[in-house]
Amino acid sequence: MGTEADGQEQLWRAFIAQARAGEGGEFQQHWEAFTSIYAGREERDGPPPAWFPEPAQVAGSNLGRFMAQLGIGDYAALFAWSVRERAAFWQKALARLGIVFAREPEAILDASGGVEDPRWLPGALMNCVDSCFRQPADKPAIVSGREGSDERRTVTYAELEQLAGRFAAGLVRHGFAPGDALALYMPMTVECVAAYLGIVRAGCVVISIADSFPPAELQKRFEIGGGAAILTVESFERAGRSIELYAKVREAGAPRAIVIPSEGGAAPDLRDGDLLWEDFLGDAPPASASIAADPYAVTNILFSSGTTGTPKAIPWTHLAPLKCAVDGHFHQDLGGDDVVAWPTNIGWMMGPWLIYAALMNGGTIALYEGVPTGAGFGRFVRDAGVTMLGVVPSLVRAWRTAGALEGIQWDGVRVFSSTGEPSNRYDYLWLMSRAAYRAPVIEYCGGTEIGGGYITGTVVQPASPATFTTPALGLDLVILGESGNPAPVGEPGEVFLQPPSIGLSQTLLNRDHHEVYYAGTPAGPDGALLRRHGDRIVRMHAGFFKAQGRADDTMNLGGIKVGSLELERVLNTHPGVYETAAVGVQPEGEGAERLVVYAVVRGSVDPDSLKQELGAQLAKKLNPLFKIYDLVPAEQLPRTASGKLMRRKLRARYLEG
């Protein structure tokens with residue numbers, strides 16, 4: 001790094017000191033100072049850092065202590081060791097977390113079957129939930145709040161374990177057996193977390209379904225997962241309106257529902273065979289013992305949209321939670337003193353991730369029942385003592401543009417983390433300013449089929465807004481250009497992972513796993529087998545990386561990965577269009593993807609009206625979180641000689657203006 005870059009960073013450090021002393025002015029002045037100080041920064045020096053780890057922070061972090069334990073002097077050397085000696089890394093990592101086994105594994109890794117289908121922890125018997133309850137009985141496990149109130153509810157580890165045990169006992173009493181699958185279709189609440197843990201503890205399987213899905217999508221996922229029953233709520237309040245979930249369950253025809261009634265009202269009118277929550281739990285004592293199983297026993301079925309219009313069903317085993325916890329330990333620096341909030345849902349992988357990453361690291365989960373875009377959530381984060389706050393970029397932008405957090409400082413937050421979609425520098429410098437630049441943003445990108453992240457950041461490296469600093473420990477990657485060769489620094493390429501790793505899926509319920517992830521992939525370094533992932537990443541100078549969205553025909557909308565075909569299947573049912581093409585774009589060259597729809601229309605159609613009508617169709621039939629950013633009428637859509645729609649060409653055309 002040149003002396004000019006050193007000088008820039010010293011000037012920014014001085015500005016941070018001013019900001020912490022209350023002399024930085026409004027955020028726009030922060031942004032102007034940031035861009036002015038770093039103006040003319042050479043590309044070789046990397047993107048401009050906004051946060052720097054102090055020596056004491058490095059030494060006291062989980063990574064710092066881990067490096068000291070191993071006698072490794074810096075993070076680069078630690079990462080290199082973690083991917084060179086993968087079994088040794090995972091053995092040390094699991095030991096640090098105190099992962100509980102009913103029968104110890106004979107080895108950490110048996111790779112005799114190849115890296116595509118390794119055997120982790122052969123010979124072991126375990127239940128991942130056992131590793132969630134190793135804290136003192138009176139320690140807070142969950143602190144929760146809700147919109148419209150500043151009151152908070154605290155649930156201790158003992159109380160959470162008892163409630164999970166009661167749910168597990170209820171499963172046995174009502175005839176469920178290990179291997180049976182139950183869907184969770186409800187907001188992320190104390191009862192949701194307890195039921196999730198109780199299902200896994202009983203040896204059963206959770207089917208995770210987001211509460212935003214309409215009945216048809218609920219039915220599809222329930223059937224794919226082979227559900228025997230469903231847990232839901234009668235209704236819940238969001239932004240002042242009532243969301244009726246039990247009615248959707250009835251419309252979807254899901255059998256055997258367990259229903260949590262709305263507060264303060266009469267019990268709902270149930271179908272024959274359905275049960276109220278308290279009746280299901282009964283008065284029997286909680287189940288005291290978990291069902292130990294092979295690490296590869298399925299515990300959770302989650303869904304990730306692909307390019308075929310049918311959700312891809314990804315089974316999590318007892319191994320995936322270990323990836324969640326290890327990532328949280330090293331990359332988000334989670335420990336026993338942390339209060340962890342991440343607005344999410346049990347239907348998306350970050351719901352289970354939050355449960356395991358917080359509890360296996362001995363921390364406290366912070367849950368907010370309500371829309372997280374308002375001041376109520378901001379006060380909850382402050383008053384609940386949240387120390388690690390997870391976000392998605394669209395949420396950060398909503399906070400900033402609406403002024404929702406005016407007058408609310410998050411001095412207790414020591415780490416932010418972001419996932420779901422690409423972010424941008426302006427919003428994320430603003431986010432850092434909420435904690436007076438004491439907390440970095442750990443960008444965290446991965447997938448349901450990974451059990452966590454493949455590229456991320458750390459608290460021992462400088463943080464530049466909207467960039468990554470490292471592949472996740474224990475899992476390497478390569479970035480290949482169009483030619484199949486490694487993409488040069490500064491040029492985007494497609495990410496391929498280098499297996500094996502705990503957390504990587506090895507089966508799919510409704511797809512050929514090899515075809516999805518391995519068939520036709522190029523060879524990696526030294527001929528290594530590579531695993532397809534589908535993201536586009538730019539490797540920057542000085543060890544940084546930047547996300548550029550998806551390389552295939554999927555996109556992230558509001559933090560939800562969805563396939564173009566899945567969107568087009570709904571859009572094409574409108575009588576005013578012949579056909580459509582759905583593409584994700586980053587209009588500003590960075591940040592959250594926006595949905596642009598190209599439409600070949602029938603006759604004379606008003607584009608604004610058509611945009612509204614198509615948006616309403618997506619909200620009703622797929623997800624109300626999917627918003628159309630722009631509608632572009634077209635006479636025809638570009639196709640290859642074989643008839644394949646060229647969405648990449650449309651994306652480039654739109655960005656070129």
# chains A, B, ... in the order shown; residues from 1 in each chain; ligands from 1
$ residues_around --residues "Glu147 of chain A" --least-positions-apart "4" --cutoff "9 Å" --atoms "only C-alpha atoms" --output "ChimeraX atom specification"
/A:237-240,368-372,374,376-377
$ residues_around --residues "Gly390 of chain A" --least-positions-apart "6" --cutoff "7 Å" --atoms "only C-alpha atoms" --output "list in words"
Ala341, Trp342, Phe416, Ser417 and Ser418 of chain A
$ residues_around --residues "Gln69 of chain A" --least-positions-apart "2" --cutoff "12 Å" --atoms "only C-alpha atoms" --output "VMD selection string"
chain A and resid 59 62 to 67 71 to 73 78 92 to 93 96
$ residues_around --residues "Gln461 of chain A" --least-positions-apart "5" --cutoff "9 Å" --atoms "only C-alpha atoms" --output "list of chain:residue names"
A:Trp51, A:Phe52, A:Pro53, A:Val58, A:Tyr75, A:Thr469
$ write_last_selection --atoms "C-alpha atoms" --output "CSV table (one decimal), in the first residue's frame"
chain,number,residue,atom,x,y,z
A,51,TRP,CA,-13.7,0.6,9.8
A,52,PHE,CA,-10.3,-0.6,11.2
A,53,PRO,CA,-9.8,-3.3,13.9
A,58,VAL,CA,-8.2,-8.5,17.2
A,75,TYR,CA,-5.6,-14.3,9.2
A,469,THR,CA,-12.7,-9.7,2.6
$ select_by_dssp --residues "segment 41-155 of chain A" --states "helix (DSSP H, G or I)" --output "PyMOL selection string"
chain A and resi 43-45+55-60+62-70+75-84+86-97+128-132
$ closest_residue --among "A:Glu566, A:Glu494, A:Asp279, A:Asp327" --to "Ser304 of chain A" --atoms "only C-alpha atoms"
A:Glu566
$ select_by_dssp --residues "segment 74-251 of chain A" --states "strand (DSSP E)" --output "PDB file with N, CA and C atoms, in the first residue's frame"
ATOM      1  N   LEU A 109     -13.438 -36.630   8.915  1.00  0.00           N
ATOM      2  CA  LEU A 109     -13.766 -36.671   7.490  1.00  0.00           C
ATOM      3  C   LEU A 109     -13.273 -37.957   6.863  1.00  0.00           C
ATOM      4  N   ASP A 110     -14.179 -38.618   6.151  1.00  0.00           N
ATOM      5  CA  ASP A 110     -13.821 -39.743   5.298  1.00  0.00           C
ATOM      6  C   ASP A 110     -14.083 -39.312   3.861  1.00  0.00           C
ATOM      7  N   ARG A 119     -17.982 -38.215   3.739  1.00  0.00           N
ATOM      8  CA  ARG A 119     -18.696 -38.584   4.961  1.00  0.00           C
ATOM      9  C   ARG A 119     -18.051 -37.827   6.110  1.00  0.00           C
ATOM     10  N   TRP A 120     -18.809 -36.872   6.656  1.00  0.00           N
ATOM     11  CA  TRP A 120     -18.347 -36.112   7.809  1.00  0.00           C
ATOM     12  C   TRP A 120     -18.793 -36.806   9.088  1.00  0.00           C
ATOM     13  N   PRO A 140     -30.586 -15.611  29.678  1.00  0.00           N
ATOM     14  CA  PRO A 140     -31.568 -15.340  28.623  1.00  0.00           C
ATOM     15  C   PRO A 140     -31.207 -16.046  27.312  1.00  0.00           C
ATOM     16  N   ALA A 141     -32.169 -16.793  26.787  1.00  0.00           N
ATOM     17  CA  ALA A 141     -32.001 -17.428  25.478  1.00  0.00           C
ATOM     18  C   ALA A 141     -32.658 -16.608  24.386  1.00  0.00           C
ATOM     19  N   ILE A 142     -33.795 -15.969  24.722  1.00  0.00           N
ATOM     20  CA  ILE A 142     -34.520 -15.142  23.763  1.00  0.00           C
ATOM     21  C   ILE A 142     -35.024 -13.898  24.471  1.00  0.00           C
ATOM     22  N   VAL A 143     -34.860 -12.759  23.829  1.00  0.00           N
ATOM     23  CA  VAL A 143     -35.547 -11.541  24.251  1.00  0.00           C
ATOM     24  C   VAL A 143     -36.384 -11.103  23.058  1.00  0.00           C
ATOM     25  N   SER A 144     -37.674 -10.855  23.285  1.00  0.00           N
ATOM     26  CA  SER A 144     -38.547 -10.544  22.165  1.00  0.00           C
ATOM     27  C   SER A 144     -39.344  -9.278  22.432  1.00  0.00           C
ATOM     28  N   GLY A 145     -39.724  -8.615  21.348  1.00  0.00           N
ATOM     29  CA  GLY A 145     -40.560  -7.434  21.397  1.00  0.00           C
ATOM     30  C   GLY A 145     -41.518  -7.461  20.231  1.00  0.00           C
ATOM     31  N   ARG A 146     -42.420  -6.504  20.192  1.00  0.00           N
ATOM     32  CA  ARG A 146     -43.387  -6.465  19.096  1.00  0.00           C
ATOM     33  C   ARG A 146     -43.760  -5.033  18.770  1.00  0.00           C
ATOM     34  N   ARG A 153     -40.145  -9.342  26.325  1.00  0.00           N
ATOM     35  CA  ARG A 153     -40.313 -10.641  26.997  1.00  0.00           C
ATOM     36  C   ARG A 153     -38.973 -11.352  26.983  1.00  0.00           C
ATOM     37  N   THR A 154     -38.573 -11.898  28.126  1.00  0.00           N
ATOM     38  CA  THR A 154     -37.314 -12.636  28.209  1.00  0.00           C
ATOM     39  C   THR A 154     -37.611 -14.096  28.542  1.00  0.00           C
ATOM     40  N   VAL A 155     -37.018 -14.989  27.783  1.00  0.00           N
ATOM     41  CA  VAL A 155     -37.151 -16.429  27.988  1.00  0.00           C
ATOM     42  C   VAL A 155     -35.763 -16.986  28.267  1.00  0.00           C
ATOM     43  N   THR A 156     -35.606 -17.675  29.380  1.00  0.00           N
ATOM     44  CA  THR A 156     -34.298 -18.223  29.738  1.00  0.00           C
ATOM     45  C   THR A 156     -34.017 -19.510  28.964  1.00  0.00           C
ATOM     46  N   ALA A 181     -42.508 -35.467   9.146  1.00  0.00           N
ATOM     47  CA  ALA A 181     -42.216 -34.065   8.828  1.00  0.00           C
ATOM     48  C   ALA A 181     -43.391 -33.176   9.216  1.00  0.00           C
ATOM     49  N   LEU A 182     -43.069 -32.056   9.866  1.00  0.00           N
ATOM     50  CA  LEU A 182     -44.069 -31.056  10.248  1.00  0.00           C
ATOM     51  C   LEU A 182     -43.654 -29.710   9.684  1.00  0.00           C
ATOM     52  N   ALA A 183     -44.608 -29.016   9.085  1.00  0.00           N
ATOM     53  CA  ALA A 183     -44.319 -27.701   8.514  1.00  0.00           C
ATOM     54  C   ALA A 183     -44.485 -26.619   9.569  1.00  0.00           C
ATOM     55  N   LEU A 184     -43.619 -25.622   9.508  1.00  0.00           N
ATOM     56  CA  LEU A 184     -43.761 -24.401  10.283  1.00  0.00           C
ATOM     57  C   LEU A 184     -44.115 -23.285   9.311  1.00  0.00           C
ATOM     58  N   TYR A 185     -45.287 -22.686   9.514  1.00  0.00           N
ATOM     59  CA  TYR A 185     -45.810 -21.635   8.641  1.00  0.00           C
ATOM     60  C   TYR A 185     -46.317 -20.534   9.558  1.00  0.00           C
ATOM     61  N   VAL A 205     -38.759 -33.925  11.370  1.00  0.00           N
ATOM     62  CA  VAL A 205     -38.198 -33.053  10.341  1.00  0.00           C
ATOM     63  C   VAL A 205     -39.051 -31.801  10.219  1.00  0.00           C
ATOM     64  N   VAL A 206     -38.417 -30.633  10.222  1.00  0.00           N
ATOM     65  CA  VAL A 206     -39.103 -29.366  10.003  1.00  0.00           C
ATOM     66  C   VAL A 206     -39.192 -29.086   8.506  1.00  0.00           C
ATOM     67  N   ILE A 207     -40.393 -28.728   8.035  1.00  0.00           N
ATOM     68  CA  ILE A 207     -40.547 -28.179   6.687  1.00  0.00           C
ATOM     69  C   ILE A 207     -40.701 -26.676   6.859  1.00  0.00           C
ATOM     70  N   SER A 208     -39.729 -25.927   6.408  1.00  0.00           N
ATOM     71  CA  SER A 208     -39.733 -24.474   6.594  1.00  0.00           C
ATOM     72  C   SER A 208     -40.474 -23.798   5.445  1.00  0.00           C
ATOM     73  N   GLY A 227     -45.268 -33.480   4.244  1.00  0.00           N
ATOM     74  CA  GLY A 227     -45.720 -33.065   5.567  1.00  0.00           C
ATOM     75  C   GLY A 227     -46.826 -33.940   6.133  1.00  0.00           C
ATOM     76  N   ALA A 228     -46.710 -34.230   7.426  1.00  0.00           N
ATOM     77  CA  ALA A 228     -47.754 -34.955   8.149  1.00  0.00           C
ATOM     78  C   ALA A 228     -48.645 -34.009   8.931  1.00  0.00           C
ATOM     79  N   ALA A 229     -48.175 -32.811   9.227  1.00  0.00           N
ATOM     80  CA  ALA A 229     -48.938 -31.820   9.991  1.00  0.00           C
ATOM     81  C   ALA A 229     -48.295 -30.463   9.784  1.00  0.00           C
ATOM     82  N   ILE A 230     -48.981 -29.429  10.262  1.00  0.00           N
ATOM     83  CA  ILE A 230     -48.471 -28.076  10.108  1.00  0.00           C
ATOM     84  C   ILE A 230     -48.763 -27.285  11.377  1.00  0.00           C
ATOM     85  N   LEU A 231     -47.795 -26.499  11.818  1.00  0.00           N
ATOM     86  CA  LEU A 231     -47.976 -25.577  12.935  1.00  0.00           C
ATOM     87  C   LEU A 231     -48.098 -24.173  12.366  1.00  0.00           C
ATOM     88  N   THR A 232     -49.143 -23.464  12.770  1.00  0.00           N
ATOM     89  CA  THR A 232     -49.369 -22.120  12.267  1.00  0.00           C
ATOM     90  C   THR A 232     -49.991 -21.266  13.361  1.00  0.00           C
ATOM     91  N   VAL A 233     -50.252 -20.017  13.037  1.00  0.00           N
ATOM     92  CA  VAL A 233     -50.972 -19.126  13.946  1.00  0.00           C
ATOM     93  C   VAL A 233     -52.301 -18.770  13.294  1.00  0.00           C
ATOM     94  N   PHE A 236     -51.699 -12.857  12.671  1.00  0.00           N
ATOM     95  CA  PHE A 236     -50.730 -12.002  13.343  1.00  0.00           C
ATOM     96  C   PHE A 236     -50.828 -10.603  12.750  1.00  0.00           C
ATOM     97  N   GLU A 237     -50.340  -9.636  13.501  1.00  0.00           N
ATOM     98  CA  GLU A 237     -50.427  -8.244  13.095  1.00  0.00           C
ATOM     99  C   GLU A 237     -49.112  -7.785  12.463  1.00  0.00           C
ATOM    100  N   ARG A 238     -49.213  -7.100  11.332  1.00  0.00           N
ATOM    101  CA  ARG A 238     -48.056  -6.483  10.696  1.00  0.00           C
ATOM    102  C   ARG A 238     -48.479  -5.137  10.136  1.00  0.00           C
ATOM    103  N   ARG A 241     -52.170  -4.264  10.175  1.00  0.00           N
ATOM    104  CA  ARG A 241     -53.188  -5.102   9.549  1.00  0.00           C
ATOM    105  C   ARG A 241     -53.026  -6.551   9.973  1.00  0.00           C
ATOM    106  N   SER A 242     -54.115  -7.271   9.928  1.00  0.00           N
ATOM    107  CA  SER A 242     -54.125  -8.660  10.373  1.00  0.00           C
ATOM    108  C   SER A 242     -53.843  -9.592   9.197  1.00  0.00           C
ATOM    109  N   ILE A 243     -52.894 -10.491   9.381  1.00  0.00           N
ATOM    110  CA  ILE A 243     -52.549 -11.506   8.378  1.00  0.00           C
ATOM    111  C   ILE A 243     -53.140 -12.830   8.850  1.00  0.00           C
TER     112      ILE A 243
END
$ residues_around --residues "segment 419-430 of chain A" --least-positions-apart "5" --cutoff "6 Å" --atoms "only C-alpha atoms" --output "list in words"
Val392, Pro393, Tyr444, Cys445, Pro465, Ala466, Ala547, Asn556, Gly559, Glu590, Gly591 and Ala592 of chain A
$ write_last_selection --atoms "C-alpha atoms" --output "PDB file, in the first residue's frame"
ATOM      1  CA  VAL A 392     -30.598  -7.120   4.216  1.00  0.00           C
ATOM      2  CA  PRO A 393     -29.727  -4.146   1.987  1.00  0.00           C
ATOM      3  CA  TYR A 444     -22.081 -12.579   4.267  1.00  0.00           C
ATOM      4  CA  CYS A 445     -23.071 -14.431   1.104  1.00  0.00           C
ATOM      5  CA  PRO A 465     -18.704  -0.743   2.729  1.00  0.00           C
ATOM      6  CA  ALA A 466     -20.374  -3.244   0.389  1.00  0.00           C
ATOM      7  CA  ALA A 547     -20.850  -9.111  -5.381  1.00  0.00           C
ATOM      8  CA  ASN A 556     -32.448 -11.804  -5.206  1.00  0.00           C
ATOM      9  CA  GLY A 559     -33.416 -10.982   0.119  1.00  0.00           C
ATOM     10  CA  GLU A 590     -24.217  -1.899  -7.078  1.00  0.00           C
ATOM     11  CA  GLY A 591     -26.728  -2.578  -4.348  1.00  0.00           C
ATOM     12  CA  ALA A 592     -29.988  -4.493  -4.299  1.00  0.00           C
TER      13      ALA A 592
END
$ atom_distance --atom1 "atom CA of Thr448 of chain A" --atom2 "atom CA of Trp353 of chain A"
9.7 Å
$ closest_residue --among "A:Gly328, A:Pro343, A:Gly493, A:Pro499" --to "Ala358 of chain A" --atoms "only C-alpha atoms"
A:Gly328
$ residues_around --residues "segment 436-440 of chain A" --least-positions-apart "3" --cutoff "10 Å" --atoms "only C-alpha atoms" --output "PyMOL selection string"
chain A and resi 13+16-22+24+49-53+332+387-389+409-417+428-433+443+457-459+461-465
$ residues_around --residues "Tyr356 of chain A" --least-positions-apart "6" --cutoff "12 Å" --atoms "only C-alpha atoms" --output "MDAnalysis selection string"
chainID A and resid 97 99 128:133 141 193 196:197 318:329 334 340 349:350 362:365 451:452
$ atom_distance --atom1 "atom CA of Ala107 of chain A" --atom2 "atom CA of Pro500 of chain A"
15.0 Å
$ closest_residue --among "A:Val381, A:Val460, A:Arg539, A:Ala619" --to "Arg434 of chain A" --atoms "only C-alpha atoms"
A:Val381
$ atom_distance --atom1 "atom CA of Asp274 of chain A" --atom2 "atom CA of Ala158 of chain A"
28.9 Å
$ closest_residue --among "A:Gly336, A:Pro525, A:Gly114, A:Gly253" --to "Ala216 of chain A" --atoms "only C-alpha atoms"
A:Gly253
